[in-house]
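Colleague: So here's structure.cif, just mmCIF, C-alpha atoms:
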data_work
loop_
_atom_site.label_atom_id
_atom_site.label_comp_id
_atom_site.auth_asym_id
_atom_site.auth_seq_id
_atom_site.Cartn_x
_atom_site.Cartn_y
_atom_site.Cartn_z
CA MET A 12 92.79 120.85 126.46
CA ASN A 13 91.00 123.43 124.31
CA PRO A 14 87.78 125.14 125.57
CA SER A 15 85.49 123.11 123.31
CA LEU A 16 86.96 119.84 124.56
CA ARG A 17 86.64 120.95 128.19
CA LEU A 18 82.95 121.71 127.61
CA LEU A 19 82.46 118.31 125.99
CA ARG A 20 84.20 116.49 128.85
CA VAL A 21 81.97 118.18 131.43
CA MET A 22 78.85 117.30 129.42
CA GLU A 23 80.03 113.69 129.07
CA TYR A 24 80.67 113.56 132.82
CA LEU A 25 77.18 114.81 133.60
CA MET A 26 75.69 112.41 131.06
CA ALA A 27 77.46 109.46 132.68
CA ALA A 28 76.20 110.56 136.10
CA GLY A 29 72.61 110.14 134.93
CA GLN A 30 70.15 111.88 137.20
CA LYS A 31 72.53 111.66 140.14
CA PRO A 32 73.36 115.17 141.46
CA VAL A 33 77.09 115.90 141.41
CA LYS A 34 79.22 118.66 142.90
CA GLN A 35 81.28 120.95 140.75
CA ILE A 36 84.34 120.20 142.87
CA GLU A 37 83.93 116.49 142.04
CA ILE A 38 83.77 117.26 138.32
CA ALA A 39 86.89 119.41 138.58
CA ARG A 40 88.79 116.76 140.52
CA ASP A 41 87.83 113.80 138.33
CA LEU A 42 88.42 115.63 135.04
CA GLN A 43 91.56 117.37 136.31
CA LEU A 44 90.16 120.81 135.48
CA SER A 45 90.35 123.94 137.60
CA PRO A 46 87.27 124.66 139.76
CA ALA A 47 87.00 128.09 138.08
CA THR A 48 86.85 126.48 134.62
CA VAL A 49 84.19 123.99 135.70
CA SER A 50 82.21 126.79 137.36
CA ARG A 51 82.17 128.82 134.12
CA ILE A 52 81.08 125.82 132.07
CA VAL A 53 78.35 124.77 134.49
CA ARG A 54 77.08 128.34 134.78
CA SER A 55 76.84 128.64 130.99
CA LEU A 56 75.02 125.31 130.75
CA ALA A 57 72.68 126.28 133.56
CA ASN A 58 71.91 129.65 131.96
CA GLU A 59 70.91 127.84 128.75
CA GLY A 60 68.81 125.28 130.62
CA TYR A 61 71.06 122.26 130.07
CA VAL A 62 71.97 121.92 133.76
CA LEU A 63 69.69 122.26 136.79
CA MET A 64 71.16 123.52 140.05
CA THR A 65 69.88 122.33 143.43
CA PRO A 66 69.79 124.67 146.47
CA GLU A 67 72.87 122.81 147.74
CA LYS A 68 74.76 123.76 144.50
CA TYR A 69 74.62 120.26 143.06
CA CYS A 70 74.40 119.86 139.26
CA VAL A 71 71.78 117.70 137.56
CA ARG A 72 71.88 117.29 133.79
CA ASN A 73 68.89 118.32 131.70
CA PHE A 74 70.07 116.92 128.35
CA ARG A 75 70.98 113.70 126.57
CA LEU A 76 74.28 113.13 124.78
CA SER A 77 75.20 110.08 122.75
CA ARG A 78 77.24 108.94 119.78
CA ASN A 79 75.79 107.55 116.60
CA VAL A 80 79.15 105.82 116.07
CA PRO A 81 79.42 103.84 119.33
CA MET A 82 83.19 103.59 119.81
CA SER A 83 85.41 104.97 122.55
CA GLU A 84 88.67 106.84 121.94
CA PRO A 85 90.88 103.93 123.11
CA TYR A 86 88.90 101.51 120.96
CA LEU A 87 89.25 103.76 117.90
CA ALA A 88 93.01 103.96 118.47
CA SER A 89 93.27 100.16 118.69
CA LEU A 90 91.07 99.76 115.61
CA ASP A 91 93.16 102.25 113.62
CA GLN A 92 96.41 100.44 114.44
CA LEU A 93 94.90 97.07 113.60
CA MET A 94 93.66 98.36 110.24
CA ARG A 95 97.08 99.82 109.41
CA ASP A 96 98.82 96.57 110.31
CA ILE A 97 96.52 94.45 108.13
CA SER A 98 96.83 96.89 105.25
CA ALA A 99 100.64 96.86 105.42
CA ASN A 100 100.96 93.09 105.85
CA TYR A 101 98.53 92.04 103.12
CA ALA A 102 98.60 94.95 100.64
CA VAL A 103 94.87 95.64 100.95
CA SER A 104 92.60 98.48 101.99
CA VAL A 105 90.88 97.98 105.36
CA GLU A 106 87.58 99.70 106.14
CA ALA A 107 85.51 100.33 109.27
CA VAL A 108 81.89 100.75 108.21
CA VAL A 109 78.97 101.76 110.45
CA VAL A 110 75.26 102.06 109.73
CA THR A 111 73.16 105.22 109.90
CA GLY A 112 69.48 104.59 109.37
CA PHE A 113 69.41 102.26 106.37
CA GLU A 114 72.68 103.42 104.85
CA LEU A 115 76.23 102.18 105.18
CA PHE A 116 78.64 104.91 106.31
CA TRP A 117 82.40 104.57 105.85
CA HIS A 118 83.87 105.65 109.19
CA SER A 119 87.53 105.11 108.29
CA CYS A 120 89.75 103.24 105.86
CA THR A 121 93.37 102.73 104.88
CA GLU A 122 94.74 103.61 101.47
CA PHE A 123 94.95 100.85 98.87
CA PRO A 124 98.71 100.34 98.34
CA ASP A 125 98.73 100.66 94.54
CA ALA A 126 96.72 102.17 91.69
CA SER A 127 95.35 98.93 90.26
CA ILE A 128 91.85 99.91 91.35
CA ALA A 129 90.19 103.12 92.45
CA ILE A 130 88.09 102.43 95.54
CA LYS A 131 85.25 104.93 95.55
CA ALA A 132 84.43 104.54 99.24
CA ARG A 133 86.31 106.96 101.50
CA PRO A 134 85.61 108.20 105.06
CA GLY A 135 82.20 109.87 104.95
CA PHE A 136 81.00 107.87 101.93
CA ARG A 137 77.39 106.67 102.22
CA ARG A 138 75.63 103.89 100.36
CA THR A 139 72.25 102.22 100.55
CA LEU A 140 71.78 98.83 102.17
CA ALA A 141 69.62 97.88 99.18
CA GLU A 142 72.80 96.90 97.30
CA LEU A 143 73.23 93.32 98.47
CA ASP A 144 77.00 93.11 98.89
CA PRO A 145 78.66 91.33 101.86
CA LEU A 146 78.36 94.44 104.05
CA ALA A 147 74.61 94.73 103.50
CA ARG A 148 74.00 90.98 103.70
CA LEU A 149 75.76 90.59 107.05
CA TYR A 150 74.08 93.59 108.64
CA LEU A 151 70.57 92.91 107.34
CA SER A 152 70.77 89.21 108.21
CA ARG A 153 70.73 90.21 111.90
CA MET A 154 67.42 92.06 111.46
CA ALA A 155 63.84 90.78 111.27
CA TRP A 156 62.55 90.56 107.71
CA GLU A 157 59.46 92.56 108.70
CA ASP A 158 61.66 95.52 109.64
CA ILE A 159 63.66 95.23 106.43
CA ASN A 160 60.50 94.86 104.37
CA SER A 161 58.89 98.00 105.77
CA ALA A 162 61.98 100.20 105.52
CA LEU A 163 63.84 99.21 102.38
CA LEU A 164 61.15 98.51 99.78
CA PRO A 165 62.22 94.96 98.86
CA GLY A 166 61.45 95.48 95.18
CA GLY A 167 64.32 97.94 95.10
CA PHE A 168 67.07 95.50 96.15
CA PHE A 169 69.79 94.85 93.60
CA ARG A 170 72.93 92.78 93.19
CA ASN A 171 76.37 94.30 93.57
CA ASP A 172 77.95 92.55 90.57
CA ILE A 173 78.66 94.04 87.16
CA ASN A 174 75.05 93.59 86.02
CA ARG A 175 73.46 95.14 89.13
CA ASP A 176 70.21 93.29 88.46
CA ILE A 177 67.10 94.10 90.48
CA VAL A 178 66.21 91.37 92.99
CA ASP A 179 62.59 90.69 93.92
CA ALA A 180 61.46 90.44 97.54
CA THR A 181 61.47 86.65 97.75
CA GLU A 182 65.00 86.28 96.42
CA ALA A 183 66.26 89.26 98.44
CA ARG A 184 65.01 87.61 101.60
CA GLN A 185 66.74 84.34 100.69
CA ILE A 186 70.02 86.13 99.98
CA ILE A 187 69.88 88.06 103.26
CA GLU A 188 68.84 85.13 105.43
CA SER A 189 71.58 82.94 103.92
CA ALA A 190 74.11 85.19 105.71
CA ALA A 191 72.46 84.86 109.13
CA ASP A 192 74.84 82.17 110.39
CA LYS A 193 77.96 83.66 108.84
CA MET A 194 80.55 85.61 110.78
CA ILE A 195 82.46 86.42 107.59
CA ASP A 196 81.05 87.00 104.11
CA PHE A 197 82.71 87.95 100.82
CA ASP A 198 82.11 88.60 97.12
CA PHE A 199 85.07 86.88 95.53
CA ASP A 200 84.24 87.94 91.96
CA GLY A 201 84.02 91.57 93.05
CA ASN A 202 81.47 94.33 92.53
CA HIS A 203 80.73 96.41 89.44
CA LEU A 204 83.87 98.50 90.12
CA GLY A 205 86.17 95.48 90.32
CA VAL A 206 86.52 95.60 94.12
CA ARG A 207 86.45 92.38 96.14
CA ARG A 208 85.49 92.57 99.82
CA PHE A 209 85.78 90.22 102.79
CA VAL A 210 83.66 91.42 105.71
CA THR A 211 83.05 90.61 109.36
CA LEU A 212 80.69 92.14 111.89
CA ILE A 213 81.84 93.54 115.25
CA ASP A 214 79.42 93.65 118.17
CA ASP A 215 79.90 94.26 121.88
CA ASP A 216 79.57 91.80 124.75
CA SER A 217 75.82 92.43 124.86
CA GLY A 218 75.42 91.66 121.18
CA ARG A 219 74.88 95.29 120.16
CA PHE A 220 76.15 96.10 116.67
CA MET A 221 79.17 98.41 116.58
CA HIS A 222 80.61 98.33 113.08
CA MET A 223 81.80 96.12 110.26
CA LEU A 224 85.42 95.48 109.37
CA SER A 225 86.11 95.00 105.66
CA ILE A 226 89.12 94.04 103.59
CA ALA A 227 88.95 95.51 100.08
CA GLU A 228 91.21 94.47 97.22
CA ALA A 229 91.22 94.22 93.43
CA ALA A 230 89.03 91.35 92.19
CA THR A 231 91.83 89.88 90.10
CA PRO A 232 92.43 86.15 89.51
CA VAL A 233 94.51 84.39 92.16
CA ARG A 234 96.61 81.25 91.86
CA ASP A 235 94.73 79.35 94.59
CA ARG A 236 91.21 80.59 95.24
CA LYS A 237 90.60 78.36 98.29
CA ALA A 238 93.89 79.35 99.88
CA HIS A 239 93.20 83.03 99.30
CA ILE A 240 89.74 82.79 100.87
CA ALA A 241 91.18 80.85 103.80
CA GLU A 242 93.95 83.41 104.36
CA LEU A 243 91.73 86.51 104.42
CA THR A 244 89.07 84.67 106.42
CA GLN A 245 91.73 83.91 109.03
CA VAL A 246 92.93 87.53 109.00
CA LEU A 247 89.42 88.79 109.73
CA THR A 248 88.79 86.07 112.31
CA GLU A 249 91.91 87.10 114.24
CA ALA A 250 91.11 90.80 113.83
CA ARG A 251 87.62 90.26 115.19
CA ALA A 252 89.00 88.34 118.17
CA THR A 253 91.45 91.17 118.89
CA LEU A 254 88.72 93.81 118.80
CA LYS A 255 86.36 91.69 120.89
CA ALA A 256 89.09 91.24 123.49
CA HIS A 257 89.54 95.02 123.62
CA ILE A 258 85.80 95.48 124.11
CA THR A 259 85.72 92.90 126.91
CA SER A 260 88.75 94.50 128.57
CA GLU A 261 87.12 97.93 128.52
CA SER A 262 83.96 96.50 130.06
CA ALA A 263 85.94 94.70 132.76
CA ASN A 264 87.84 97.88 133.59
CA GLY A 265 84.64 99.87 133.91
CA THR A 266 85.12 101.77 130.63
CA ASP A 267 82.09 101.93 128.35
CA THR A 268 83.13 101.17 124.77
CA HIS A 269 80.06 103.11 123.68
CA ALA A 270 81.15 106.38 125.26
CA ALA A 271 84.23 108.50 125.69
CA PRO A 272 86.61 107.54 128.53
CA MET A 273 85.94 109.65 131.55
CA ALA A 274 85.79 109.77 135.32
CA ARG A 275 85.05 106.60 137.26
CA ILE A 276 81.36 107.23 137.78
CA GLY A 277 78.16 105.53 136.64
#
Please express the file's structure as structure tokens.

Modeller:
Amino acid sequence: MNPSLRLLRVMEYLMAAGQKPVKQIEIARDLQLSPATVSRIVRSLANEGYVLMTPEKYCVRNFRLSRNVPMSEPYLASLDQLMRDISANYAVSVEAVVVTGFELFWHSCTEFPDASIAIKARPGFRRTLAELDPLARLYLSRMAWEDINSALLPGGFFRNDINRDIVDATEARQIIESAADKMIDFDFDGNHLGVRRFVTLIDDDSGRFMHMLSIAEAATPVRDRKAHIAELTQVLTEARATLKAHITSESANGTDTHAAPMARIG
């Protein structure tokens, strides 16, 4: 484990402990680090004011540490394998998309298997939620209209088709609220770049949003439209069930999906 990762693990440990004082020897034991290493890290953190030391040499954190992308390392590994499997089995690109503020953020994706289309979105790509594609519709449909109205300037909403027409507030609200009862949404005719997406939303057992899972493919004609929609809907339904089962398993085993795996504390 490199020095930066050791520092991060100690900070995560202290974060998970909350305001409960912990001994350095406990940190060393639970993280399988040498007491000397933990002592150096804690001393550095204390010197900078991030850790408070009690007279009995207990450590109390004086910082907050959290992830904007709320997924644990085991969950990310499971998600990555699932995405690769779907991509290989169905010749599509699979995307994990999170939300930062009022923008979509592509966390990860698989390569599209051929050059029939050039998908612009890559890991790190950001895009406004004002473009009412299936990703934006699903996410915004879980929010109160008052919050959307105040943050996204409804007059600025626009369609994601080839015309990209501006949508007024009344119609934007209707479009968004029509997705409220959907677990999967799609734009079969594709966007202005010729990309068709099927999307589902992944949340944890408490209903907190984690990310969206999207299948992207070329918006080309298919022999049986209904069968194609049914197939990819089933793929996403099963993928969502797999990911939800992983989330539930982590919760049952005392591992927080929203934080890195660590010592059995907190």

Colleague: Excluding Glu114 (chain A) and its own-chain neighbours fewer than 4 positions away, which residues fall within 6 Å of it when counting all atoms listed in the file? Please give them as a JSON list (two decimals) with C-alpha atoms, in the frame of the given file.

Modeller:
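That gives us result00.json:
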[["chain", "number", "residue", "atom", "x", "y", "z"],
["A", 110, "VAL", "CA", 75.26, 102.06, 109.73],
["A", 138, "ARG", "CA", 75.63, 103.89, 100.36],
["A", 139, "THR", "CA", 72.25, 102.22, 100.55],
["A", 140, "LEU", "CA", 71.78, 98.83, 102.17]]

Colleague: Box for region 229-241 of chain A: with edges along x, y and z, all listed atoms inside and 5 Å added on each side, what are the centre and edge lengths in Å to one decimal, as JSON?

Modeller:
{"center_x": 92.8, "center_y": 86.3, "center_z": 96.7, "size_x": 17.6, "size_y": 25.9, "size_z": 24.3}

Colleague: Quick one, how far is CA of Glu261 (chain A) from CA of Leu90 (chain A)?

Modeller: 13.6 Å

Colleague: Nearest to Ala180 (chain A) among A:Ile159, A:Met154, A:Met221, A:Met194, with distances taken over all atoms listed in the file: which residue is it?

Modeller: A:Ile159

Colleague: Expand the PyMOL selection byres ((chain A and resi 115) around 10) into the individual residues it matches in the shown file, reporting them as an MDAnalysis selection string.

Modeller: chainID A and resid 108:114 116:118 135:141 146:147 150 222:223

Colleague: Near Thr253 (chain A), counting all atoms listed in the file, which residues have an atom at most 12 Å away, once you skip same-chain residues fewer than 4 positions from it, shown as a PyMOL selection string?

Modeller: chain A and resi 86+89-90+92-94+213+246-249+257-260

Colleague: For a test of reading the model, state the distance in Å between CA of Val233 (chain A) and CA of Asp91 (chain A), rounded to one decimal.

Modeller: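 Separation between CA of Val233 (chain A) and CA of Asp91 (chain A): 28.0 Å.
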
Colleague: Would you mind completing region 18-39 of chain A so that it carries N, CA, C and O atoms, and writing it out as a PDB file, in the frame of the given file?

Modeller:
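File rebuild_1.pdb, as written:
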ATOM      1  N   LEU A  18      84.420 121.693 127.539  1.00  0.00           N
ATOM      2  CA  LEU A  18      82.950 121.710 127.610  1.00  0.00           C
ATOM      3  C   LEU A  18      82.399 120.313 127.346  1.00  0.00           C
ATOM      4  O   LEU A  18      81.512 119.829 128.079  1.00  0.00           O
ATOM      5  N   LEU A  19      82.933 119.644 126.325  1.00  0.00           N
ATOM      6  CA  LEU A  19      82.460 118.310 125.990  1.00  0.00           C
ATOM      7  C   LEU A  19      82.714 117.336 127.130  1.00  0.00           C
ATOM      8  O   LEU A  19      81.845 116.517 127.470  1.00  0.00           O
ATOM      9  N   ARG A  20      83.885 117.410 127.750  1.00  0.00           N
ATOM     10  CA  ARG A  20      84.200 116.490 128.850  1.00  0.00           C
ATOM     11  C   ARG A  20      83.245 116.679 130.028  1.00  0.00           C
ATOM     12  O   ARG A  20      82.826 115.707 130.667  1.00  0.00           O
ATOM     13  N   VAL A  21      82.908 117.929 130.333  1.00  0.00           N
ATOM     14  CA  VAL A  21      81.970 118.180 131.430  1.00  0.00           C
ATOM     15  C   VAL A  21      80.592 117.623 131.075  1.00  0.00           C
ATOM     16  O   VAL A  21      79.917 116.987 131.911  1.00  0.00           O
ATOM     17  N   MET A  22      80.152 117.826 129.838  1.00  0.00           N
ATOM     18  CA  MET A  22      78.850 117.300 129.420  1.00  0.00           C
ATOM     19  C   MET A  22      78.836 115.775 129.445  1.00  0.00           C
ATOM     20  O   MET A  22      77.845 115.154 129.861  1.00  0.00           O
ATOM     21  N   GLU A  23      79.934 115.149 129.020  1.00  0.00           N
ATOM     22  CA  GLU A  23      80.030 113.690 129.070  1.00  0.00           C
ATOM     23  C   GLU A  23      79.986 113.206 130.524  1.00  0.00           C
ATOM     24  O   GLU A  23      79.360 112.186 130.833  1.00  0.00           O
ATOM     25  N   TYR A  24      80.650 113.918 131.399  1.00  0.00           N
ATOM     26  CA  TYR A  24      80.670 113.560 132.820  1.00  0.00           C
ATOM     27  C   TYR A  24      79.247 113.588 133.386  1.00  0.00           C
ATOM     28  O   TYR A  24      78.802 112.649 134.057  1.00  0.00           O
ATOM     29  N   LEU A  25      78.542 114.674 133.100  1.00  0.00           N
ATOM     30  CA  LEU A  25      77.180 114.810 133.600  1.00  0.00           C
ATOM     31  C   LEU A  25      76.261 113.760 132.982  1.00  0.00           C
ATOM     32  O   LEU A  25      75.361 113.233 133.641  1.00  0.00           O
ATOM     33  N   MET A  26      76.502 113.433 131.710  1.00  0.00           N
ATOM     34  CA  MET A  26      75.690 112.410 131.060  1.00  0.00           C
ATOM     35  C   MET A  26      75.899 111.062 131.728  1.00  0.00           C
ATOM     36  O   MET A  26      74.952 110.316 131.984  1.00  0.00           O
ATOM     37  N   ALA A  27      77.155 110.742 132.040  1.00  0.00           N
ATOM     38  CA  ALA A  27      77.460 109.460 132.680  1.00  0.00           C
ATOM     39  C   ALA A  27      76.886 109.386 134.088  1.00  0.00           C
ATOM     40  O   ALA A  27      76.567 108.304 134.582  1.00  0.00           O
ATOM     41  N   ALA A  28      76.736 110.537 134.744  1.00  0.00           N
ATOM     42  CA  ALA A  28      76.200 110.560 136.100  1.00  0.00           C
ATOM     43  C   ALA A  28      74.706 110.295 136.128  1.00  0.00           C
ATOM     44  O   ALA A  28      74.126 110.031 137.192  1.00  0.00           O
ATOM     45  N   GLY A  29      74.055 110.353 134.971  1.00  0.00           N
ATOM     46  CA  GLY A  29      72.610 110.140 134.930  1.00  0.00           C
ATOM     47  C   GLY A  29      71.878 111.260 135.643  1.00  0.00           C
ATOM     48  O   GLY A  29      72.227 112.433 135.512  1.00  0.00           O
ATOM     49  N   GLN A  30      70.904 110.888 136.431  1.00  0.00           N
ATOM     50  CA  GLN A  30      70.150 111.880 137.200  1.00  0.00           C
ATOM     51  C   GLN A  30      70.713 112.085 138.605  1.00  0.00           C
ATOM     52  O   GLN A  30      70.116 112.770 139.435  1.00  0.00           O
ATOM     53  N   LYS A  31      71.873 111.504 138.838  1.00  0.00           N
ATOM     54  CA  LYS A  31      72.530 111.660 140.140  1.00  0.00           C
ATOM     55  C   LYS A  31      73.116 113.067 140.254  1.00  0.00           C
ATOM     56  O   LYS A  31      73.914 113.485 139.416  1.00  0.00           O
ATOM     57  N   PRO A  32      72.764 113.836 141.271  1.00  0.00           N
ATOM     58  CA  PRO A  32      73.360 115.170 141.460  1.00  0.00           C
ATOM     59  C   PRO A  32      74.850 115.055 141.755  1.00  0.00           C
ATOM     60  O   PRO A  32      75.282 114.168 142.493  1.00  0.00           O
ATOM     61  N   VAL A  33      75.650 115.914 141.165  1.00  0.00           N
ATOM     62  CA  VAL A  33      77.090 115.900 141.410  1.00  0.00           C
ATOM     63  C   VAL A  33      77.565 117.301 141.754  1.00  0.00           C
ATOM     64  O   VAL A  33      76.981 118.303 141.327  1.00  0.00           O
ATOM     65  N   LYS A  34      78.634 117.378 142.533  1.00  0.00           N
ATOM     66  CA  LYS A  34      79.220 118.660 142.900  1.00  0.00           C
ATOM     67  C   LYS A  34      80.229 119.108 141.856  1.00  0.00           C
ATOM     68  O   LYS A  34      80.927 118.293 141.255  1.00  0.00           O
ATOM     69  N   GLN A  35      80.317 120.415 141.700  1.00  0.00           N
ATOM     70  CA  GLN A  35      81.280 120.950 140.750  1.00  0.00           C
ATOM     71  C   GLN A  35      82.710 120.573 141.133  1.00  0.00           C
ATOM     72  O   GLN A  35      83.546 120.309 140.258  1.00  0.00           O
ATOM     73  N   ILE A  36      82.990 120.529 142.431  1.00  0.00           N
ATOM     74  CA  ILE A  36      84.340 120.200 142.870  1.00  0.00           C
ATOM     75  C   ILE A  36      84.705 118.759 142.490  1.00  0.00           C
ATOM     76  O   ILE A  36      85.860 118.441 142.206  1.00  0.00           O
ATOM     77  N   GLU A  37      83.688 117.863 142.455  1.00  0.00           N
ATOM     78  CA  GLU A  37      83.930 116.490 142.040  1.00  0.00           C
ATOM     79  C   GLU A  37      84.252 116.425 140.548  1.00  0.00           C
ATOM     80  O   GLU A  37      85.132 115.674 140.117  1.00  0.00           O
ATOM     81  N   ILE A  38      83.514 117.211 139.764  1.00  0.00           N
ATOM     82  CA  ILE A  38      83.770 117.260 138.320  1.00  0.00           C
ATOM     83  C   ILE A  38      85.195 117.751 138.066  1.00  0.00           C
ATOM     84  O   ILE A  38      85.945 117.178 137.273  1.00  0.00           O
ATOM     85  N   ALA A  39      85.557 118.834 138.759  1.00  0.00           N
ATOM     86  CA  ALA A  39      86.890 119.410 138.580  1.00  0.00           C
ATOM     87  C   ALA A  39      87.972 118.410 138.957  1.00  0.00           C
ATOM     88  O   ALA A  39      88.975 118.247 138.231  1.00  0.00           O
TER      89      ALA A  39
END
